[in-house]
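Participant: Below you will find the structure I want to go over with you.
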Amino acid sequence: MPALFACLSGRTAQAECSIAALLEAEPIEGVAARLHEQRMDLGELEAARCALLVSERLDQTRSTEALELSSEAMEAINRLGTRRDRSDAIFLNARLKMAQGQQATVTEQLQQSLELCDEVPDCRAERLLEIAMFERKASQLDSARKRIEAAQALIVERHGPTHPLFAVAMRNLSQIAFSQGRYDEELELLYRALAMQEDLLDDNDPEIATTALLLGFSLADRGRYDESLPLYRRSLDIRLKVLGTANTDTAQSMLALGSLSTIRGEYLKAKPLIEQAVAIRERLLPPGHANLSAGNVQLAHLLERMGDDAGAERAYRKVLVIAEENGDFYKQFVAWSGLAGMAADRGDYRAAKPLIRKSLALMTEQNYTSHSWQDGRYMLAEIERNLGDRAASLALHELVLAERSRTRPKGDALTAKSKFAVAMLQVELGDASRLGAAQDALDEIVGNYGARHPDLEGLMTRSAQAQLAHSRIENAAAMALRAVDVRLHVLSETTFGLSESEALRYADDDVPALNLALSLAGQYPGRVPLAPAWNRLLAMHDLVLRRVAGRIALSKASEDPLTMDAAHALQTSSDRYVRLLLLNADGGNQEAWRKQLATARSEREGAERALAKSMSAMPIEDAPTLDSLRSQLSDKQRLVSFVVGKEDGLDHYSALIVGKQHGPLRVDLGPVVEIDARLRQWREALSSNHAGSELSDRVLQPVLAASDGASELFVIPTGALHLLPWAALPAGDGQFLVERGPVIRLLHREAELTTAVATARARSPVPGGSNGLLALGGAQFGELATAMPLNACASFAEHEFSILPGSLAEVAELQREWPAWRPDETVTAHVGKSASERHFRREAPGKRVLHLATHAFFVDPQTCITDTGLLRGVGSLVARAPHETVTLAGLALANANQRAALPTADDGILAAEEIAMLDLRGVELAVLSACDTALGTLTSTEGVLGLRRAFRLAGVESLVTSLWKVSDEDARVWMRAFYSHLAASDQRSGLAAWAATAEVLAARRAANASLNPIHWAGFVATGN
């Protein structure tokens, strides 16, 4: 603030300096109160000077009060102050009047303020410069330029052409040049001003910070981000040193650097800068101040790019409220445009169109045709294109291109984007000759942004689609792969410091370019190789899980105090979040519960980010390549990876298949909606061979035909195919796949195919290795708190778990047989009250095998749940639910029915969130002998979010889970068969599970028992 700089330079009294300093460090209300307290001590003149400073801060939010205060101060200063005091007071009063539309005496006051400066050295020049910048805001550019030139003449006459005030004059003149579209002049003036200040001023002078910031703005506007970055950093460094963090100018530099980081796709660098800048302004400025909106605009832009649509919309709505209160039409335009952009990004173009039209109408009403107005028309043109009106889109884009070419600097990235848009529309309208112009424009954009900027993904994908439409197949494939590389780079960089849920929001978006590359490889196998696209899919699979697992593993092993503190904070916040999630709405107050849960979730995510920030480096497990995977296969084995992509505008499942000397090749399986419907129908009536046969014909048979007689398939499912009971698929003549083959072994991701590839946690082996079995079952869940009748409906908070006698027998049998199966390993069993969360937390680390025979759940905490009796779980299938790592998933252990009265660490509920935080590195196998443990939220590249993911994050290599509710006795029978096969020839869990399923089915055939798969096919093994 100029008043503070004047204070620091000694121009004002010390009392005024203290008030000025307070203005930078405290909210306005506190300063006004302090001024009132000190009024008598200051004396009438000093109090009036301070009142002027306070009125400057009241401007734009409490403008009437500001004008009254400045008028009162002006009356006292006119009687008692110097000519300079009187000039300052009159000028400020005139500015406040103009802000309220009181034009009558403003011109006279401005002239009077100038005349009062006639006998004060440099005062007239300073006043001319101030009035000029005021006139610039009022678009009186010619008058403003003349005033600055007059000020320059006065400065040269008194001091010569090399003086700090002359540098300020050049800086101000650069802003007039910018507003007049004279961009070369603007840039030259800023360079000259900065060079002069560097010669004349101290390195940390705030004036240098201001000029560096403006020069950075100018260069960024030209797309010269690498040159603007050090200028923004310099501006922030100076202001931090001189002004500290409690200063609105410092916040301005933070916002600039944060905004540039957003533009460059460096979201992790942008987020703390923007959030801190917003916090500073909210602390120092009164509620509703116009300057609060700028930070929220930048925050909204950032959150939108990071996939946090809810957070972005909140920020845009906040901007709208502030802008409407202050009559700020420009910020209203920005907010409505932002909301329109969000609607367009989610594909709701019909909702986006009236929003962007509303924003443009605001600017038209104000006769405001800035660069942002061009951006709004660009967005409208893109919306029209996506709504199918290419002619209207082309007309708009041509208008925007003409305006940008005329008004923006040469070589500007936005102008290049307009060139690209026009050329692409001409191509899409049939003029293939414009493909070269589109490519030239794209190269120009890359030259401005760099090869890995997030915006390039969409542009390159569109270019690839246009190349394909004109039968340039190889060019289309190459461009699609470039777009995928952009996504991979941004994913890798961005997920480093995000919480898991934030990273999942960002990572789970569709990747149209990858779908296109895979599709082209399938359609044109002789022209487009499949391996490059598949290798990129391998890099994308489980990227977030690999990142988060590595983070947790490093935190467990770290001895760095910052990391240890951050890990403790994460554990504490996670426990609080789980507690709230389990107890649902405290006292039935749903609204209060939701608010508490949102706060706890925010705290947990903040703790995750802090943990990531505490780590100077966080290596992520490398993804395998297709060649490395092929080398692990025998001649009769195939790797089959299912993916979802677009075919004729519809989502289709396809299978990617490769063998040691076979493939790779891609097989289209048909529309996702049809296959998912058949899978759903079959799961609802597993006894229906007709529904199962249809599913087999659509999913299994095409894969077998393309596998050329393979006897064993390693399968990586996607989407709802995670829930397919492969063993139970009909194979003809009344038999099932498990009886005829081939053997199906399920993997979480391709890297598990090779035994040389380990999880992120296994990189740091548990000292002494892992040994033995830990088994928990037959838990006593506690007395029922209420007498709930069978099938009665309750929320999870009220749900009571029933005793499972079969689980007690299961653990007893396992405890008895394990020494014979594994004489070199120990067995530890806990039943009844001993089958507790406390024992599991304490004893699970370091074991080789974990076995939990109990109830499991995956539910919405407010869903109506019915008593399941002797079935081992309560659960539901969630397809693409909100992006939480768990909704409410976990296992019930001893005292689970008294969970509300027990501490989180031993409340009888082992939630997925708690499991993920355990150190289970070295655990080779976790057997979840419970219901619905394979269920969860389905994602495209991160598998199933629920219990399976929680154990994987904890470091477990392989899992046995259930696809549906399994009876107590059926679970016990299958588990005995599984462990006998696991021990007989030291088989891996996948083969043992397949053999156990075959054995149980054969026994039921021999006994003429029901062959309904619900009795024998519910458990599956997944993993390495």
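Ordering of the structure tokens sets the chain letters (A, B, ...); residue numbers start at 1 within each chain; ligands are numbered from 1 in the order shown.
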If we count only C-alpha atoms, what is near Gly295 (chain A) at a cut-off of 8 Å, once residues fewer than 5 positions away on the same chain are taken out, given as a PyMOL selection string?

Facilitator: chain A and resi 255+274+277-278

Participant: Keeping all heavy atoms, export the residues of the selection given above as a PDB file, in the first residue's frame.

Facilitator:
```
ATOM      1  N   LEU A 255      -0.310 -15.120  -5.511  1.00  0.00           N
ATOM      2  CA  LEU A 255      -1.349 -15.476  -6.482  1.00  0.00           C
ATOM      3  C   LEU A 255      -0.775 -15.548  -7.890  1.00  0.00           C
ATOM      4  O   LEU A 255      -1.119 -16.447  -8.665  1.00  0.00           O
ATOM      5  CB  LEU A 255      -2.490 -14.464  -6.451  1.00  0.00           C
ATOM      6  CG  LEU A 255      -3.640 -14.708  -5.488  1.00  0.00           C
ATOM      7  CD1 LEU A 255      -4.713 -13.649  -5.675  1.00  0.00           C
ATOM      8  CD2 LEU A 255      -4.228 -16.096  -5.692  1.00  0.00           C
ATOM      9  N   ILE A 274      -1.681 -20.502  -3.782  1.00  0.00           N
ATOM     10  CA  ILE A 274      -2.997 -19.876  -3.930  1.00  0.00           C
ATOM     11  C   ILE A 274      -3.770 -19.936  -2.626  1.00  0.00           C
ATOM     12  O   ILE A 274      -4.412 -18.947  -2.220  1.00  0.00           O
ATOM     13  CB  ILE A 274      -3.771 -20.553  -5.078  1.00  0.00           C
ATOM     14  CG1 ILE A 274      -3.071 -20.271  -6.419  1.00  0.00           C
ATOM     15  CG2 ILE A 274      -5.213 -20.066  -5.119  1.00  0.00           C
ATOM     16  CD1 ILE A 274      -3.663 -21.002  -7.599  1.00  0.00           C
ATOM     17  N   ALA A 277      -2.384 -17.335  -0.266  1.00  0.00           N
ATOM     18  CA  ALA A 277      -2.754 -15.983  -0.693  1.00  0.00           C
ATOM     19  C   ALA A 277      -4.205 -15.680  -0.346  1.00  0.00           C
ATOM     20  O   ALA A 277      -4.532 -14.590   0.143  1.00  0.00           O
ATOM     21  CB  ALA A 277      -2.531 -15.827  -2.200  1.00  0.00           C
ATOM     22  N   VAL A 278      -5.085 -16.638  -0.586  1.00  0.00           N
ATOM     23  CA  VAL A 278      -6.498 -16.452  -0.247  1.00  0.00           C
ATOM     24  C   VAL A 278      -6.657 -16.260   1.258  1.00  0.00           C
ATOM     25  O   VAL A 278      -7.405 -15.386   1.713  1.00  0.00           O
ATOM     26  CB  VAL A 278      -7.329 -17.658  -0.739  1.00  0.00           C
ATOM     27  CG1 VAL A 278      -8.749 -17.608  -0.165  1.00  0.00           C
ATOM     28  CG2 VAL A 278      -7.379 -17.676  -2.269  1.00  0.00           C
TER      29      VAL A 278
END
```

Participant: For region 665-670 of chain A, work out the shell of residues within 12 Å, counting only C-alpha atoms and skipping chain neighbours fewer than 6 positions away, then give it as a PyMOL selection string.

Facilitator: chain A and resi 515+517-526+528-531+533-534+638-648+650-659+676+678+695-708

Participant: Counting only C-alpha atoms, give me one row per residue of region 471-526 of chain A with an atom at most 10 Å from an atom of region 440-454 of chain A, showing the shortest contact pair and its distance in Å to one decimal, sorted by chain then residue number, as JSON lines.

Facilitator:
```
{"residue": "A:Arg482", "atom": "CA", "partner": "A:Ala451", "partner_atom": "CA", "distance": 9.0}
{"residue": "A:Ala483", "atom": "CA", "partner": "A:Arg452", "partner_atom": "CA", "distance": 8.9}
{"residue": "A:Asp485", "atom": "CA", "partner": "A:Arg452", "partner_atom": "CA", "distance": 7.7}
{"residue": "A:Val486", "atom": "CA", "partner": "A:Arg452", "partner_atom": "CA", "distance": 4.9}
{"residue": "A:Arg487", "atom": "CA", "partner": "A:Pro454", "partner_atom": "CA", "distance": 7.0}
{"residue": "A:Leu488", "atom": "CA", "partner": "A:Arg452", "partner_atom": "CA", "distance": 9.2}
{"residue": "A:His489", "atom": "CA", "partner": "A:Arg452", "partner_atom": "CA", "distance": 6.7}
{"residue": "A:Val490", "atom": "CA", "partner": "A:Pro454", "partner_atom": "CA", "distance": 6.6}
{"residue": "A:Leu491", "atom": "CA", "partner": "A:Pro454", "partner_atom": "CA", "distance": 9.6}
```

Participant: Give me, as a PyMOL selection string, the residues of region 300-410 of chain A that a backbone DSSP run labels alpha helix (DSSP H).

Facilitator: chain A and resi 300-305+309-326+329-345+349-365+371-386+390-407

Participant: What's the 12 Å shell around Glu817 (chain A), counting only C-alpha atoms, without same-chain residues fewer than 5 positions away, as a ChimeraX atom specification?

Facilitator: /A:773,810-812,822-823,825-827,975-977,979-980,983

Participant: Give me the residues within 9 Å of Arg408 (chain A) as a list in words, counting only C-alpha atoms and dropping any in the same chain fewer than 6 places off.

Facilitator: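 Final neighbour list, sorted by chain and number: Gly181, Tyr183, Asp221, Arg222, His371, Leu414 and Thr415 of chain A.
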
Participant: Just the residues within 12 Å of region 427-439 of chain A, please, counting only C-alpha atoms, with nothing from its chain fewer than 2 positions along; format it as an MDAnalysis selection string.

Facilitator: chainID A and resid 385 388:394 416:425 441:446 459:460 462:472 475:476 479

Participant: Output N, CA, C and O atoms for every residue in that selection, as a compact mmCIF listing (two decimals), in the first residue's frame.

Facilitator:
```txt
# COMPACT_ATOMS: atom_id res chain seq x y z
N ARG A 385 -19.65 -26.23 -31.11
CA ARG A 385 -19.06 -27.38 -31.83
C ARG A 385 -19.50 -28.70 -31.21
O ARG A 385 -19.89 -29.64 -31.92
N GLY A 388 -22.85 -29.80 -32.01
CA GLY A 388 -23.05 -30.23 -33.39
C GLY A 388 -23.17 -29.12 -34.41
O GLY A 388 -23.29 -29.40 -35.61
N ASP A 389 -23.17 -27.85 -34.00
CA ASP A 389 -23.31 -26.75 -34.94
C ASP A 389 -21.92 -26.24 -35.32
O ASP A 389 -21.45 -25.22 -34.82
N ARG A 390 -21.26 -26.96 -36.23
CA ARG A 390 -19.89 -26.60 -36.59
C ARG A 390 -19.83 -25.28 -37.34
O ARG A 390 -18.84 -24.54 -37.24
N ALA A 391 -20.86 -24.98 -38.12
CA ALA A 391 -20.86 -23.72 -38.88
C ALA A 391 -20.86 -22.52 -37.94
O ALA A 391 -20.09 -21.57 -38.11
N ALA A 392 -21.73 -22.57 -36.91
CA ALA A 392 -21.78 -21.48 -35.93
C ALA A 392 -20.47 -21.40 -35.16
O ALA A 392 -19.96 -20.31 -34.87
N SER A 393 -19.92 -22.56 -34.84
CA SER A 393 -18.65 -22.60 -34.11
C SER A 393 -17.54 -21.96 -34.94
O SER A 393 -16.74 -21.16 -34.43
N LEU A 394 -17.49 -22.30 -36.23
CA LEU A 394 -16.44 -21.75 -37.09
C LEU A 394 -16.56 -20.24 -37.20
O LEU A 394 -15.55 -19.52 -37.13
N ALA A 416 -2.64 -18.79 -31.10
CA ALA A 416 -2.34 -20.08 -31.73
C ALA A 416 -3.47 -21.07 -31.50
O ALA A 416 -3.82 -21.86 -32.39
N LYS A 417 -4.08 -21.04 -30.31
CA LYS A 417 -5.22 -21.92 -30.05
C LYS A 417 -6.38 -21.60 -30.99
O LYS A 417 -7.09 -22.49 -31.47
N SER A 418 -6.60 -20.31 -31.24
CA SER A 418 -7.67 -19.92 -32.17
C SER A 418 -7.35 -20.38 -33.59
O SER A 418 -8.24 -20.83 -34.32
N LYS A 419 -6.09 -20.27 -33.99
CA LYS A 419 -5.70 -20.77 -35.31
C LYS A 419 -5.99 -22.28 -35.41
O LYS A 419 -6.50 -22.76 -36.43
N PHE A 420 -5.64 -23.00 -34.36
CA PHE A 420 -5.88 -24.44 -34.33
C PHE A 420 -7.37 -24.74 -34.43
O PHE A 420 -7.80 -25.62 -35.19
N ALA A 421 -8.18 -24.02 -33.66
CA ALA A 421 -9.62 -24.27 -33.65
C ALA A 421 -10.23 -24.02 -35.02
O ALA A 421 -11.06 -24.82 -35.50
N VAL A 422 -9.83 -22.94 -35.67
CA VAL A 422 -10.38 -22.63 -37.00
C VAL A 422 -9.96 -23.70 -38.01
O VAL A 422 -10.80 -24.22 -38.77
N ALA A 423 -8.68 -24.05 -38.00
CA ALA A 423 -8.20 -25.05 -38.96
C ALA A 423 -8.86 -26.40 -38.73
O ALA A 423 -9.25 -27.09 -39.68
N MET A 424 -9.02 -26.80 -37.46
CA MET A 424 -9.63 -28.09 -37.16
C MET A 424 -11.09 -28.13 -37.61
O MET A 424 -11.57 -29.15 -38.13
N LEU A 425 -11.82 -27.06 -37.41
CA LEU A 425 -13.21 -27.02 -37.86
C LEU A 425 -13.29 -27.11 -39.38
O LEU A 425 -14.18 -27.78 -39.93
N ALA A 441 -0.32 -24.83 -36.09
CA ALA A 441 -0.83 -24.12 -34.92
C ALA A 441 -0.55 -24.92 -33.65
O ALA A 441 -0.18 -24.36 -32.61
N LEU A 442 -0.69 -26.24 -33.73
CA LEU A 442 -0.41 -27.09 -32.57
C LEU A 442 1.06 -27.00 -32.19
O LEU A 442 1.41 -26.91 -31.00
N ASP A 443 1.93 -26.99 -33.19
CA ASP A 443 3.37 -26.84 -32.91
C ASP A 443 3.66 -25.50 -32.24
O ASP A 443 4.52 -25.40 -31.36
N GLU A 444 2.93 -24.47 -32.65
CA GLU A 444 3.10 -23.14 -32.04
C GLU A 444 2.66 -23.16 -30.58
O GLU A 444 3.31 -22.55 -29.71
N ILE A 445 1.57 -23.86 -30.31
CA ILE A 445 1.09 -23.98 -28.92
C ILE A 445 2.11 -24.73 -28.08
O ILE A 445 2.43 -24.33 -26.95
N VAL A 446 2.64 -25.82 -28.62
CA VAL A 446 3.67 -26.59 -27.91
C VAL A 446 4.89 -25.72 -27.64
O VAL A 446 5.50 -25.77 -26.56
N LEU A 459 -6.12 -31.15 -27.16
CA LEU A 459 -5.83 -30.69 -28.51
C LEU A 459 -5.24 -31.80 -29.35
O LEU A 459 -5.61 -31.98 -30.53
N MET A 460 -4.32 -32.57 -28.79
CA MET A 460 -3.69 -33.66 -29.54
C MET A 460 -4.69 -34.77 -29.82
O MET A 460 -4.66 -35.39 -30.88
N ARG A 462 -7.91 -34.41 -30.25
CA ARG A 462 -8.76 -33.94 -31.34
C ARG A 462 -8.03 -34.02 -32.68
O ARG A 462 -8.61 -34.39 -33.70
N SER A 463 -6.76 -33.67 -32.69
CA SER A 463 -5.97 -33.77 -33.90
C SER A 463 -5.89 -35.21 -34.38
O SER A 463 -6.03 -35.50 -35.58
N ALA A 464 -5.70 -36.15 -33.44
CA ALA A 464 -5.65 -37.57 -33.80
C ALA A 464 -6.98 -38.03 -34.41
O ALA A 464 -7.00 -38.77 -35.39
N GLN A 465 -8.08 -37.58 -33.83
CA GLN A 465 -9.39 -37.97 -34.36
C GLN A 465 -9.60 -37.43 -35.77
O GLN A 465 -10.17 -38.11 -36.63
N ALA A 466 -9.11 -36.20 -36.02
CA ALA A 466 -9.24 -35.63 -37.36
C ALA A 466 -8.37 -36.39 -38.36
O ALA A 466 -8.77 -36.63 -39.50
N GLN A 467 -7.17 -36.76 -37.93
CA GLN A 467 -6.30 -37.55 -38.81
C GLN A 467 -6.98 -38.87 -39.18
O GLN A 467 -6.94 -39.31 -40.34
N LEU A 468 -7.61 -39.49 -38.20
CA LEU A 468 -8.30 -40.76 -38.45
C LEU A 468 -9.46 -40.57 -39.42
O LEU A 468 -9.67 -41.40 -40.32
N ALA A 469 -10.22 -39.48 -39.23
CA ALA A 469 -11.37 -39.24 -40.11
C ALA A 469 -10.96 -39.11 -41.56
O ALA A 469 -11.77 -39.36 -42.47
N HIS A 470 -9.70 -38.73 -41.81
CA HIS A 470 -9.22 -38.58 -43.19
C HIS A 470 -8.23 -39.70 -43.53
O HIS A 470 -7.36 -39.53 -44.40
N SER A 471 -8.40 -40.83 -42.81
CA SER A 471 -7.69 -42.08 -43.12
C SER A 471 -6.18 -41.98 -43.01
O SER A 471 -5.45 -42.74 -43.65
N ARG A 472 -5.70 -41.07 -42.19
CA ARG A 472 -4.27 -40.98 -41.94
C ARG A 472 -3.98 -41.76 -40.65
O ARG A 472 -3.74 -41.19 -39.58
N ASN A 475 -0.59 -41.49 -38.62
CA ASN A 475 -0.49 -40.17 -37.99
C ASN A 475 -1.42 -40.06 -36.80
O ASN A 475 -1.07 -39.47 -35.76
N ALA A 476 -2.63 -40.61 -36.95
CA ALA A 476 -3.60 -40.57 -35.85
C ALA A 476 -3.09 -41.32 -34.63
O ALA A 476 -3.19 -40.85 -33.50
N MET A 479 -0.21 -39.36 -32.92
CA MET A 479 -0.70 -38.20 -32.18
C MET A 479 -1.44 -38.63 -30.91
O MET A 479 -1.31 -37.99 -29.85
```

Participant: Neighbouring residues of Thr245 (chain A) were defined as those with any atom within 12 Å, considering only C-alpha atoms; residues of the same chain fewer than 6 positions away were excluded. Please report them as a list of chain:residue names.

Facilitator: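 My reading of the contact set: A:Glu24, A:Ala25, A:Glu26, A:Leu236, A:Asp237, A:Ile238, A:Arg239, A:Ala251, A:Gln252, A:Ser253, A:Met254, A:Leu273, A:Gln276, A:Ala277, A:Val278, A:Ala279, A:Ile280, A:Arg281, A:Arg283, A:Leu284.
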
Participant: With C-alpha atoms retained, export the selected residues as an mmCIF file, in the first residue's frame.

Facilitator:
```cif
data_model
loop_
_atom_site.group_PDB
_atom_site.id
_atom_site.type_symbol
_atom_site.label_atom_id
_atom_site.label_comp_id
_atom_site.auth_asym_id
_atom_site.auth_seq_id
_atom_site.Cartn_x
_atom_site.Cartn_y
_atom_site.Cartn_z
ATOM 1 C CA GLU A 24 -1.223 -4.450 6.592
ATOM 2 C CA ALA A 25 -1.389 -6.901 9.495
ATOM 3 C CA GLU A 26 -4.909 -6.738 10.961
ATOM 4 C CA LEU A 236 7.505 -12.736 -4.015
ATOM 5 C CA ASP A 237 10.952 -13.077 -2.443
ATOM 6 C CA ILE A 238 11.277 -9.298 -2.030
ATOM 7 C CA ARG A 239 7.825 -8.851 -0.578
ATOM 8 C CA ALA A 251 -0.569 -12.209 -1.377
ATOM 9 C CA GLN A 252 -0.714 -10.652 -4.855
ATOM 10 C CA SER A 253 2.735 -12.046 -5.721
ATOM 11 C CA MET A 254 1.768 -15.454 -4.308
ATOM 12 C CA LEU A 273 0.580 -20.630 -2.944
ATOM 13 C CA GLN A 276 -2.048 -19.091 1.393
ATOM 14 C CA ALA A 277 -2.754 -15.983 -0.693
ATOM 15 C CA VAL A 278 -6.498 -16.452 -0.247
ATOM 16 C CA ALA A 279 -6.033 -16.968 3.499
ATOM 17 C CA ILE A 280 -3.937 -13.780 3.820
ATOM 18 C CA ARG A 281 -6.537 -11.672 2.058
ATOM 19 C CA ARG A 283 -7.544 -12.415 7.243
ATOM 20 C CA LEU A 284 -6.648 -8.831 6.352
#
```

Participant: May I ask for the distance between CA of Asp907 (chain A) and CA of Ala894 (chain A), given in Å to one decimal place?

Facilitator: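 Between these atoms lies a distance of 8.2 Å.
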
Participant: Which of these, A:Leu597, A:Ala607, A:Val511, A:Ala169, has the shortest distance to Leu190 (chain A) once you count only C-alpha atoms?

Facilitator: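 Comparing A:Leu597, A:Ala607, A:Val511, A:Ala169 against Leu190 (chain A), the winner is A:Ala169.
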
Participant: Would you list the contacts of Arg601 (chain A) as a JSON list (two decimals) with C-alpha atoms, in the first residue's frame, taking every protein, DNA or RNA residue within 9 Å and counting only C-alpha atoms, but skipping same-chain residues closer than 4 positions in sequence?

Facilitator:
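Writing done, so here's out.json:
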```json
[["chain", "number", "residue", "atom", "x", "y", "z"],
["A", 573, "SER", "CA", -7.02, -37.58, 11.52],
["A", 574, "SER", "CA", -7.76, -40.91, 9.85],
["A", 576, "ARG", "CA", -11.27, -39.44, 13.70],
["A", 577, "TYR", "CA", -12.70, -39.73, 10.20],
["A", 596, "GLN", "CA", -18.31, -33.05, 11.01],
["A", 597, "LEU", "CA", -17.51, -35.71, 8.42],
["A", 605, "GLU", "CA", -6.56, -35.07, 3.21],
["A", 606, "GLY", "CA", -4.50, -32.17, 4.53]]
```

Participant: For Arg609 (chain A), which of A:Lys269, A:Lys833, A:Arg921, A:Arg527 is the closest residue, counting only C-alpha atoms?

Facilitator: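 For Arg609 (chain A), the nearest of the candidates is A:Lys269.
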
Participant: With only C-alpha atoms as the atoms that count, which of A:Ala889, A:Leu963, A:Ala950, A:Leu215 lies nearest to Val548 (chain A)?

Facilitator: A:Ala950

Participant: Quote the spacing between CA of Asp575 (chain A) and CA of Ile909 (chain A) in Å to one decimal place.

Facilitator: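 Distance reported for this atom pair: 11.7 Å.
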
Participant: Please, what distance in Å, to one decimal, runs between CA of Val715 (chain A) and CA of Ser501 (chain A)?

Facilitator: 26.5 Å
